[in-house]
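> Provided herewith is a single structure, encoded as structure tokens, for subsequent inquiry.
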Amino acid sequence: MHRAVVDRFADATIAILAAAVADYRPAEQHAEKIKKGSAPLTISLEATTDILAEVAKNKGQRIVAGFAAETDHVAENARKNFWRRTPI
């Protein structure tokens with residue numbers, strides 16, 4: 001998703017972005033299924049790129065709008081995230 005947005009952003013006049021699918025992804029990728037075993041499985045996570053923040057810092061004259069999905073203090077956090085990332 002990051003690559004697709006960045007590749008197309010140069011041609012955009014306005015960018016409207018929705019909340020990220022996830023803030024983290026597995027740190028390791030496996031080409032094959034991980035077989036079930038008797039030991040507990042631990043998955044390490046790494047942060048995903050904040051696409052909206054990256055696009056907004058290079059927006060130039062473009063209009064960039066976006067919102068974040070929140071589970072607490074929804075309106076307050078949405079306003080904070082919007083204004084922090086896309087000052088008007």
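Here's how to read the names in the structure tokens: chain A, B, ... by the order shown, residue numbers from 1 in each chain, ligand numbers from 1 in the order shown.
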Give me every strand (DSSP E or B) residue in chain A, going by DSSP on the backbone, as a list in words.
Ile14, Ala15, Ile16, Leu17, Tyr24, Arg25, Pro26, Leu45, Glu46, Ala47, Ile63, Val64, Ala65 and Gly66 of chain A
> So which residues touch range 60-68 of chain A within 7 Å, counting only C-alpha atoms, skipping near sequence neighbours fewer than 2 positions away, as a ChimeraX atom specification?
/A:13-19,52,56,58,70,78,81-82,86
> Using only C-alpha atoms, which residue out of A:Ala75, A:Ile34, A:Ala27, A:Met1 lies closest to Glu46 in chain A?
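Closest residue, counting only C-alpha atoms: A:Ala27.
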> Have a look at CA of Lys57 in chain A and CA of Pro26 in chain A and let me know their distance in Å, one decimal.
26.4 Å
> Skip Glu28 in chain A itself and residues of its chain fewer than 3 positions away, then list as a list in words all residues within 10 Å of it, counting only C-alpha atoms.
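Listed by chain and then number, they are Arg25, Ile43, Ser44, Leu45 and Glu46 of chain A.
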> Emit the selected residues as a PDB file, in the first residue's frame, including N, CA, C and O atoms.

ATOM      1  N   ARG A  25       3.280  -5.049  11.606  1.00  0.00           N
ATOM      2  CA  ARG A  25       3.295  -6.235  10.747  1.00  0.00           C
ATOM      3  C   ARG A  25       4.320  -7.211  11.331  1.00  0.00           C
ATOM      4  O   ARG A  25       5.207  -6.795  12.080  1.00  0.00           O
ATOM      5  N   ILE A  43       5.524 -14.229  17.937  1.00  0.00           N
ATOM      6  CA  ILE A  43       5.649 -13.455  16.709  1.00  0.00           C
ATOM      7  C   ILE A  43       6.134 -12.063  17.073  1.00  0.00           C
ATOM      8  O   ILE A  43       5.506 -11.356  17.859  1.00  0.00           O
ATOM      9  N   SER A  44       7.252 -11.651  16.501  1.00  0.00           N
ATOM     10  CA  SER A  44       7.770 -10.302  16.701  1.00  0.00           C
ATOM     11  C   SER A  44       7.128  -9.377  15.680  1.00  0.00           C
ATOM     12  O   SER A  44       6.968  -9.747  14.517  1.00  0.00           O
ATOM     13  N   LEU A  45       6.778  -8.178  16.116  1.00  0.00           N
ATOM     14  CA  LEU A  45       6.147  -7.205  15.242  1.00  0.00           C
ATOM     15  C   LEU A  45       7.036  -5.992  15.058  1.00  0.00           C
ATOM     16  O   LEU A  45       7.832  -5.659  15.935  1.00  0.00           O
ATOM     17  N   GLU A  46       6.889  -5.334  13.914  1.00  0.00           N
ATOM     18  CA  GLU A  46       7.574  -4.071  13.663  1.00  0.00           C
ATOM     19  C   GLU A  46       6.534  -3.065  13.180  1.00  0.00           C
ATOM     20  O   GLU A  46       5.517  -3.439  12.597  1.00  0.00           O
TER      21      GLU A  46
END
> Between CA of Arg3 in chain A and CA of Arg79 in chain A, what distance in Å does the model show, to one decimal?
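So the two atoms, CA of Arg3 in chain A and CA of Arg79 in chain A, lie 26.4 Å apart.
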> Hey, which of A:Ala39, A:Glu32, A:Asp50, A:Ala22 ends up closest to His2 in chain A? Count only C-alpha atoms.
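Looking at the shortest contact to His2 in chain A, the residue is A:Asp50.
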> Name the residues of range 5-75 of chain A that fall into helix (DSSP H, G or I) according to DSSP on the backbone, using the chain letters and numbers of this document, as a list in words.
Val5, Val6, Asp7, Arg8, Phe9, Ile51, Leu52, Ala53, Glu54, Val55, Ala56, Lys57, Val74 and Ala75 of chain A
> What's the separation between CA of Val21 in chain A and CA of Lys33 in chain A, in Å to one decimal place?
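Rounded to one decimal, the two atoms are 22.7 Å apart.
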> Could the residues of range 27-87 of chain A that have an atom at most 9 Å from range 5-9 of chain A be listed as CSV, each with its closest atom pair and the distance in Å to one decimal, counting only C-alpha atoms and ordered by chain and ascending residue number?

residue,atom,partner,partner_atom,distance
A:Ile51,CA,A:Val5,CA,7.7
A:Glu54,CA,A:Val6,CA,8.7
A:Val55,CA,A:Val6,CA,7.2
A:Lys59,CA,A:Phe9,CA,8.7
> Please dump the current selection as a PDB file, in the first residue's frame; keep N, CA, C and O atoms.

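Once written, result_2.pdb looks like this:
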ATOM      1  N   ILE A  51       1.897   6.132   6.277  1.00  0.00           N
ATOM      2  CA  ILE A  51       1.781   6.629   4.910  1.00  0.00           C
ATOM      3  C   ILE A  51       1.258   8.061   4.895  1.00  0.00           C
ATOM      4  O   ILE A  51       1.796   8.916   4.182  1.00  0.00           O
ATOM      5  N   GLU A  54       3.979  10.527   5.936  1.00  0.00           N
ATOM      6  CA  GLU A  54       5.012  10.660   4.906  1.00  0.00           C
ATOM      7  C   GLU A  54       4.526  11.505   3.738  1.00  0.00           C
ATOM      8  O   GLU A  54       5.231  12.391   3.252  1.00  0.00           O
ATOM      9  N   VAL A  55       3.305  11.249   3.291  1.00  0.00           N
ATOM     10  CA  VAL A  55       2.748  11.997   2.175  1.00  0.00           C
ATOM     11  C   VAL A  55       2.541  13.465   2.575  1.00  0.00           C
ATOM     12  O   VAL A  55       2.856  14.371   1.809  1.00  0.00           O
ATOM     13  N   LYS A  59       3.793  17.343   0.810  1.00  0.00           N
ATOM     14  CA  LYS A  59       2.577  17.644   0.064  1.00  0.00           C
ATOM     15  C   LYS A  59       2.688  18.830  -0.875  1.00  0.00           C
ATOM     16  O   LYS A  59       1.941  18.921  -1.839  1.00  0.00           O
TER      17      LYS A  59
END
